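Asks: Let me begin by handing over the structure; questions about it come next.
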Amino acid sequence: MTLTKLTGSVYVFQGPTNIGVIATPTEEAILIDSGLDESTARKVLRSVEQQGLQVKAIINTHSHADHIGGNAFVQARTGAAVYASPLEAPLIRYPQLEPTMLLGGANPWKDMRNKFLMAKPSLVTEELGGGPYTVCGRQLQIISLPGHSLDQIGVLADGVLFVGDAYISSHLLQKHGIPYNVNIKDYLNTLDKLVESHCDWFVPSHGEPTENITADIAANRSTVLSLVEHVASWLSEPLTAEELVAKLCTHLQVTPGNPGLFFLYRTAVMAYLSFLQEQERVQAVINDNKLVWQRR
């Protein structure tokens, strides 16, 4: 994991989940996300301090555990303020909501309370909508990028746009199996917004920083739309969401190796079904006491 300078005052700490570092004129630093856990957060703080900077704020692009897992440690160590968008903030304050939502509102059992699905709670000190903001004396632009999550945001500073999980680098798409998104219409609109953005650098949370996102955006769009069409093609017969997850996993030759991954895949498939339902291409019906999906 390395700290790489992109501009004079903007860095990225590259790892499994990239973390942005924005320096201020007063030798303070703003983190964009905090990584999966305390171990990652320790490494980030050490690298930032070696640059002569002190972390004073964290801006979370969204509330998934690999983006907020270091918040609690950084807050305890530095007193940093935490910023997040209004719909993501409750899940950062109360991380149990994440596995609870995946389970449709049920209390998550022990296997669903792991660090990949449920971070330690942290205090969100201010909520951010889209638009210009001043954080630690730095002028930033907050950009709404929903779709992967309900209220994801991006952060733009000095021509560098940290996009969270709005897209995944092309070479990682296959590794992710069924890309996780909760709202396909919003996701596609976000991809359009990014294509129209004029930035010097784009930094996805998963993948390499790049000056040109055209190929990555095209790959993300085509991958997800292809999966949507596969789901639609199988609904000539009534199928449950779980049956569709199984068919899609078989088609992609991926295996959900634990319950958490299965429910992530299930949520993505439900997003495809919701998208198709909004297009009036499929419908949900009760058949033999099961909720099944079929073509209209």
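In the structure tokens, chains take the letters A, B, ... in the order shown, each chain's residues start at 1, and ligands count up from 1 in the order shown.
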Can you tell me, as a PyMOL selection string, which residues in stretch 200-284 of chain A count as helix (DSSP H, G or I) by DSSP?
Replies: chain A and resi 214-236+241-252+259-278
Asks: Would you list the contacts of A:Ser144 as an MDAnalysis selection string, taking every protein, DNA or RNA residue within 9 Å and counting only C-alpha atoms, but skipping same-chain residues closer than 2 positions in sequence?
Replies: chainID A and resid 85 129:131 142 146 151:154 190
Asks: Could you write out that same residue set with all heavy atoms as a PDB file, in the first residue's frame?
Replies:
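Here's the written file part32.pdb:
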```pdb
ATOM      1  N   SER A  85     -22.982  11.994   3.187  1.00  0.00           N
ATOM      2  CA  SER A  85     -24.252  12.458   2.630  1.00  0.00           C
ATOM      3  C   SER A  85     -25.408  12.040   3.534  1.00  0.00           C
ATOM      4  O   SER A  85     -25.277  11.109   4.344  1.00  0.00           O
ATOM      5  CB  SER A  85     -24.446  11.902   1.218  1.00  0.00           C
ATOM      6  OG  SER A  85     -24.474  10.486   1.256  1.00  0.00           O
ATOM      7  N   GLY A 129     -24.561  17.637   1.068  1.00  0.00           N
ATOM      8  CA  GLY A 129     -25.260  17.420  -0.189  1.00  0.00           C
ATOM      9  C   GLY A 129     -24.321  17.755  -1.334  1.00  0.00           C
ATOM     10  O   GLY A 129     -23.127  18.001  -1.135  1.00  0.00           O
ATOM     11  N   GLY A 130     -24.830  17.762  -2.552  1.00  0.00           N
ATOM     12  CA  GLY A 130     -24.000  18.146  -3.682  1.00  0.00           C
ATOM     13  C   GLY A 130     -23.745  19.642  -3.693  1.00  0.00           C
ATOM     14  O   GLY A 130     -24.579  20.434  -3.253  1.00  0.00           O
ATOM     15  N   GLY A 131     -22.557  20.039  -4.178  1.00  0.00           N
ATOM     16  CA  GLY A 131     -22.245  21.453  -4.280  1.00  0.00           C
ATOM     17  C   GLY A 131     -20.899  21.788  -3.684  1.00  0.00           C
ATOM     18  O   GLY A 131     -20.165  20.921  -3.220  1.00  0.00           O
ATOM     19  N   ILE A 142     -18.551  18.706  -3.951  1.00  0.00           N
ATOM     20  CA  ILE A 142     -19.178  17.416  -3.648  1.00  0.00           C
ATOM     21  C   ILE A 142     -20.161  17.102  -4.769  1.00  0.00           C
ATOM     22  O   ILE A 142     -21.023  17.929  -5.107  1.00  0.00           O
ATOM     23  CB  ILE A 142     -19.904  17.455  -2.290  1.00  0.00           C
ATOM     24  CG1 ILE A 142     -18.942  17.895  -1.185  1.00  0.00           C
ATOM     25  CG2 ILE A 142     -20.511  16.088  -1.980  1.00  0.00           C
ATOM     26  CD1 ILE A 142     -17.732  17.008  -1.001  1.00  0.00           C
ATOM     27  N   PRO A 146     -25.123   8.602  -7.056  1.00  0.00           N
ATOM     28  CA  PRO A 146     -25.862   7.444  -6.535  1.00  0.00           C
ATOM     29  C   PRO A 146     -25.920   6.292  -7.536  1.00  0.00           C
ATOM     30  O   PRO A 146     -25.603   6.457  -8.713  1.00  0.00           O
ATOM     31  CB  PRO A 146     -27.257   8.021  -6.291  1.00  0.00           C
ATOM     32  CG  PRO A 146     -27.390   9.080  -7.351  1.00  0.00           C
ATOM     33  CD  PRO A 146     -26.026   9.694  -7.463  1.00  0.00           C
ATOM     34  N   ASP A 151     -26.912   6.987  -1.737  1.00  0.00           N
ATOM     35  CA  ASP A 151     -26.591   8.408  -1.700  1.00  0.00           C
ATOM     36  C   ASP A 151     -25.084   8.635  -1.791  1.00  0.00           C
ATOM     37  O   ASP A 151     -24.545   9.523  -1.131  1.00  0.00           O
ATOM     38  CB  ASP A 151     -27.145   9.003  -0.393  1.00  0.00           C
ATOM     39  CG  ASP A 151     -27.358  10.506  -0.430  1.00  0.00           C
ATOM     40  OD1 ASP A 151     -27.394  11.077  -1.538  1.00  0.00           O
ATOM     41  OD2 ASP A 151     -27.492  11.108   0.648  1.00  0.00           O
ATOM     42  N   GLN A 152     -24.409   7.854  -2.627  1.00  0.00           N
ATOM     43  CA  GLN A 152     -22.964   7.984  -2.769  1.00  0.00           C
ATOM     44  C   GLN A 152     -22.599   9.371  -3.293  1.00  0.00           C
ATOM     45  O   GLN A 152     -23.312   9.959  -4.101  1.00  0.00           O
ATOM     46  CB  GLN A 152     -22.445   6.916  -3.736  1.00  0.00           C
ATOM     47  CG  GLN A 152     -20.947   6.960  -3.981  1.00  0.00           C
ATOM     48  CD  GLN A 152     -20.488   5.808  -4.842  1.00  0.00           C
ATOM     49  OE1 GLN A 152     -19.735   4.961  -4.391  1.00  0.00           O
ATOM     50  NE2 GLN A 152     -20.954   5.745  -6.069  1.00  0.00           N
ATOM     51  N   ILE A 153     -21.448   9.872  -2.843  1.00  0.00           N
ATOM     52  CA  ILE A 153     -20.936  11.153  -3.332  1.00  0.00           C
ATOM     53  C   ILE A 153     -19.509  10.980  -3.836  1.00  0.00           C
ATOM     54  O   ILE A 153     -18.792  10.061  -3.442  1.00  0.00           O
ATOM     55  CB  ILE A 153     -20.963  12.242  -2.243  1.00  0.00           C
ATOM     56  CG1 ILE A 153     -20.186  11.796  -0.996  1.00  0.00           C
ATOM     57  CG2 ILE A 153     -22.395  12.628  -1.910  1.00  0.00           C
ATOM     58  CD1 ILE A 153     -20.041  12.871   0.068  1.00  0.00           C
ATOM     59  N   GLY A 154     -19.099  11.883  -4.711  1.00  0.00           N
ATOM     60  CA  GLY A 154     -17.718  12.006  -5.129  1.00  0.00           C
ATOM     61  C   GLY A 154     -17.157  13.306  -4.600  1.00  0.00           C
ATOM     62  O   GLY A 154     -17.907  14.228  -4.243  1.00  0.00           O
ATOM     63  N   THR A 190     -25.311   8.098 -13.307  1.00  0.00           N
ATOM     64  CA  THR A 190     -24.016   8.466 -12.734  1.00  0.00           C
ATOM     65  C   THR A 190     -22.895   8.221 -13.733  1.00  0.00           C
ATOM     66  O   THR A 190     -21.978   9.053 -13.871  1.00  0.00           O
ATOM     67  CB  THR A 190     -23.782   7.685 -11.430  1.00  0.00           C
ATOM     68  OG1 THR A 190     -24.579   8.267 -10.399  1.00  0.00           O
ATOM     69  CG2 THR A 190     -22.323   7.725 -11.006  1.00  0.00           C
TER      70      THR A 190
END
```
Asks: Distance atom CA of A:Ser222-atom CA of A:Leu150, one decimal place?
Replies: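 It comes out at 21.4 Å.
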Asks: What are the closest atom pairs, with distances in Å to one decimal, for all residues of stretch 88-130 of chain A lying within 7 Å of stretch 58-82 of chain A? Consider only C-alpha atoms, order rows by chain and residue number, and present the result as CSV.
Replies:
```
residue,atom,partner,partner_atom,distance
A:Glu88,CA,A:Ser63,CA,5.4
A:Leu91,CA,A:Ser63,CA,6.0
A:Ile92,CA,A:Ser63,CA,5.6
A:Lys115,CA,A:Ala65,CA,6.8
A:Phe116,CA,A:Ala65,CA,5.6
A:Leu117,CA,A:Ala65,CA,5.6
A:Met118,CA,A:Ala65,CA,5.7
A:Ala119,CA,A:Gly69,CA,4.9
A:Lys120,CA,A:Ala72,CA,6.3
A:Pro121,CA,A:Ala72,CA,6.5
A:Ser122,CA,A:Ala72,CA,5.1
A:Leu123,CA,A:Val82,CA,6.7
A:Val124,CA,A:Val82,CA,4.8
A:Thr125,CA,A:Val82,CA,5.4
A:Glu126,CA,A:Val82,CA,6.7
```
Asks: Output the selection as a PDB file, in the first residue's frame - N, CA and C atoms for each residue.
Replies:
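Saved file part-v5.pdb follows:
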```pdb
ATOM      1  N   GLU A  88     -26.455   8.279   3.672  1.00  0.00           N
ATOM      2  CA  GLU A  88     -25.384   7.366   4.072  1.00  0.00           C
ATOM      3  C   GLU A  88     -25.012   7.546   5.544  1.00  0.00           C
ATOM      4  N   LEU A  91     -26.116   4.979   8.337  1.00  0.00           N
ATOM      5  CA  LEU A  91     -25.445   3.674   8.311  1.00  0.00           C
ATOM      6  C   LEU A  91     -24.016   3.766   8.828  1.00  0.00           C
ATOM      7  N   ILE A  92     -23.427   4.948   8.789  1.00  0.00           N
ATOM      8  CA  ILE A  92     -22.098   5.142   9.367  1.00  0.00           C
ATOM      9  C   ILE A  92     -22.214   5.248  10.886  1.00  0.00           C
ATOM     10  N   LYS A 115     -16.480  -7.861   9.624  1.00  0.00           N
ATOM     11  CA  LYS A 115     -15.960  -6.522   9.309  1.00  0.00           C
ATOM     12  C   LYS A 115     -16.171  -6.128   7.852  1.00  0.00           C
ATOM     13  N   PHE A 116     -16.471  -7.096   6.990  1.00  0.00           N
ATOM     14  CA  PHE A 116     -16.709  -6.778   5.587  1.00  0.00           C
ATOM     15  C   PHE A 116     -18.116  -6.227   5.354  1.00  0.00           C
ATOM     16  N   LEU A 117     -19.012  -6.460   6.304  1.00  0.00           N
ATOM     17  CA  LEU A 117     -20.392  -5.979   6.185  1.00  0.00           C
ATOM     18  C   LEU A 117     -20.764  -4.976   7.263  1.00  0.00           C
ATOM     19  N   MET A 118     -20.032  -4.952   8.379  1.00  0.00           N
ATOM     20  CA  MET A 118     -20.435  -4.109   9.498  1.00  0.00           C
ATOM     21  C   MET A 118     -19.196  -3.520  10.177  1.00  0.00           C
ATOM     22  N   ALA A 119     -18.937  -2.259   9.896  1.00  0.00           N
ATOM     23  CA  ALA A 119     -17.802  -1.570  10.504  1.00  0.00           C
ATOM     24  C   ALA A 119     -18.124  -1.180  11.941  1.00  0.00           C
ATOM     25  N   LYS A 120     -17.122  -0.679  12.655  1.00  0.00           N
ATOM     26  CA  LYS A 120     -17.379  -0.081  13.959  1.00  0.00           C
ATOM     27  C   LYS A 120     -18.088   1.255  13.757  1.00  0.00           C
ATOM     28  N   PRO A 121     -19.000   1.632  14.647  1.00  0.00           N
ATOM     29  CA  PRO A 121     -19.708   2.905  14.480  1.00  0.00           C
ATOM     30  C   PRO A 121     -18.775   4.096  14.647  1.00  0.00           C
ATOM     31  N   SER A 122     -19.091   5.172  13.940  1.00  0.00           N
ATOM     32  CA  SER A 122     -18.350   6.421  14.078  1.00  0.00           C
ATOM     33  C   SER A 122     -19.335   7.578  14.011  1.00  0.00           C
ATOM     34  N   LEU A 123     -18.918   8.718  14.516  1.00  0.00           N
ATOM     35  CA  LEU A 123     -19.790   9.885  14.625  1.00  0.00           C
ATOM     36  C   LEU A 123     -19.689  10.734  13.367  1.00  0.00           C
ATOM     37  N   VAL A 124     -20.790  10.877  12.647  1.00  0.00           N
ATOM     38  CA  VAL A 124     -20.843  11.802  11.516  1.00  0.00           C
ATOM     39  C   VAL A 124     -21.128  13.193  12.074  1.00  0.00           C
ATOM     40  N   THR A 125     -20.202  14.108  11.857  1.00  0.00           N
ATOM     41  CA  THR A 125     -20.327  15.444  12.444  1.00  0.00           C
ATOM     42  C   THR A 125     -21.010  16.440  11.526  1.00  0.00           C
ATOM     43  N   GLU A 126     -21.029  16.157  10.222  1.00  0.00           N
ATOM     44  CA  GLU A 126     -21.734  17.053   9.294  1.00  0.00           C
ATOM     45  C   GLU A 126     -22.161  16.275   8.065  1.00  0.00           C
TER      46      GLU A 126
END
```
Asks: For each of A:Leu103, A:Leu264, A:Val231, A:Leu244, take the minimum atom-to-atom distance to A:His176, counting only C-alpha atoms, then give the residue where this is smallest.
Replies: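 Nearest to A:His176: A:Leu264.
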Asks: Run DSSP on the backbone of this structure and report the residues of stretch 143-259 of chain A it assigns to strand (DSSP E), as a list of chain:residue names.
Replies: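 Residues of stretch 143-259 of chain A classed as strand (DSSP E): A:Ile143, A:Ser144, A:Ile153, A:Gly154, A:Val155, A:Leu156, A:Ala157, A:Val160, A:Leu161, A:Phe162, A:Val163, A:Gly164, A:Trp201, A:Phe202, A:Val203, A:Pro204.
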Asks: Let me make sure I understand: among A:Asp288, A:Glu196, A:Glu28, A:Asp33, which one has the smallest atom-to-atom distance to A:Val155 if we use only C-alpha atoms?
Replies: A:Asp33
Asks: One decimal, in Å: what's the spacing between atom CA of A:Tyr272 and atom CA of A:Leu145?
Replies: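 Here the two named atoms are 18.3 Å from each other.
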Asks: Extract, using only C-alpha atoms, all DNA, RNA and protein residues at most 12 Å from A:Lys5, discarding same-chain residues fewer than 5 positions from it, and format them as number ranges by chain.
Replies: A: 10-14, 20-23, 47-48, 51, 160, 201, 209
Asks: Leaving out A:Ala219 and any residue of its chain fewer than 4 positions from it, which residues lie within 10 Å of it when counting only C-alpha atoms, given as a list of chain:residue names?
Replies: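 Once the adjacent positions are removed, what remains is A:Tyr167, A:Ile168, A:Ser169, A:Ser170, A:His171, A:Leu173, A:Ile213, A:Thr214, A:Ala215, A:Thr223, A:Val224, A:Leu225.
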Asks: Which residues, written as JSON, numbers by chain, have at least one atom at most 9 Å from A:Thr26, with only C-alpha atoms counted and residues fewer than 6 positions away on the same chain left out?
Replies: {"A": [53, 136, 137]}
Asks: Counting only C-alpha atoms, what is within 12 Å of A:Pro238, bar same-chain residues fewer than 4 positions away, as a list in words?
Replies: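 Once the adjacent positions are removed, what remains is Val231, Ala232, Ser233, Trp234, Glu242, Glu243, Leu244, Val282, Gln283, Ala284, Val285, Ile286, Asn287, Asp288, Lys290, Leu291, Val292, Trp293, Gln294, Arg295 and Arg296 of chain A.
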Asks: Between A:Gly105, A:Pro132, A:Gly177, A:Pro256, single out the one closest to A:Leu156, counting only C-alpha atoms.
Replies: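 Among the listed residues, the smallest separation from A:Leu156 belongs to A:Pro132.
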Asks: Here is a test: counting only C-alpha atoms, which residue of A:Asn181, A:Thr24, A:Asn18, A:Ser236 is nearest to A:Arg138?
Replies: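 The answer is A:Thr24, which sits nearest to A:Arg138.
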Asks: Please, what distance in Å, to one decimal, runs between atom CA of A:Pro204 and atom CA of A:Thr4?
Replies: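 Between these atoms lies a distance of 14.1 Å.
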Asks: Would you please work out which residue, of A:Met1, A:Met270, A:Leu45, A:Val195, is nearest to A:Gly104 when using only C-alpha atoms?
Replies: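 Answer, going by the shortest atom-to-atom distance: A:Met270.
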Asks: Hey, which bits of stretch 182-295 of chain A sit within 9 Å of stretch 107-114 of chain A, and for each residue what's the closest pair of atoms and how far apart in Å (one decimal), counting only C-alpha atoms, rows by chain and increasing number, as CSV?
Replies:
```
residue,atom,partner,partner_atom,distance
A:Asn258,CA,A:Asp111,CA,8.6
A:Pro259,CA,A:Met112,CA,7.2
A:Gly260,CA,A:Met112,CA,5.9
```
Asks: Write the residues you've just listed into a file as an mmCIF file, in the first residue's frame, and include C-alpha atoms for each of them.
Replies:
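selection-v1.cif was written with the following content:
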```
data_model
loop_
_atom_site.group_PDB
_atom_site.id
_atom_site.type_symbol
_atom_site.label_atom_id
_atom_site.label_comp_id
_atom_site.auth_asym_id
_atom_site.auth_seq_id
_atom_site.Cartn_x
_atom_site.Cartn_y
_atom_site.Cartn_z
ATOM 1 C CA ASN A 258 -20.404 -17.226 2.262
ATOM 2 C CA PRO A 259 -23.850 -15.881 3.215
ATOM 3 C CA GLY A 260 -22.694 -12.260 3.089
#
```
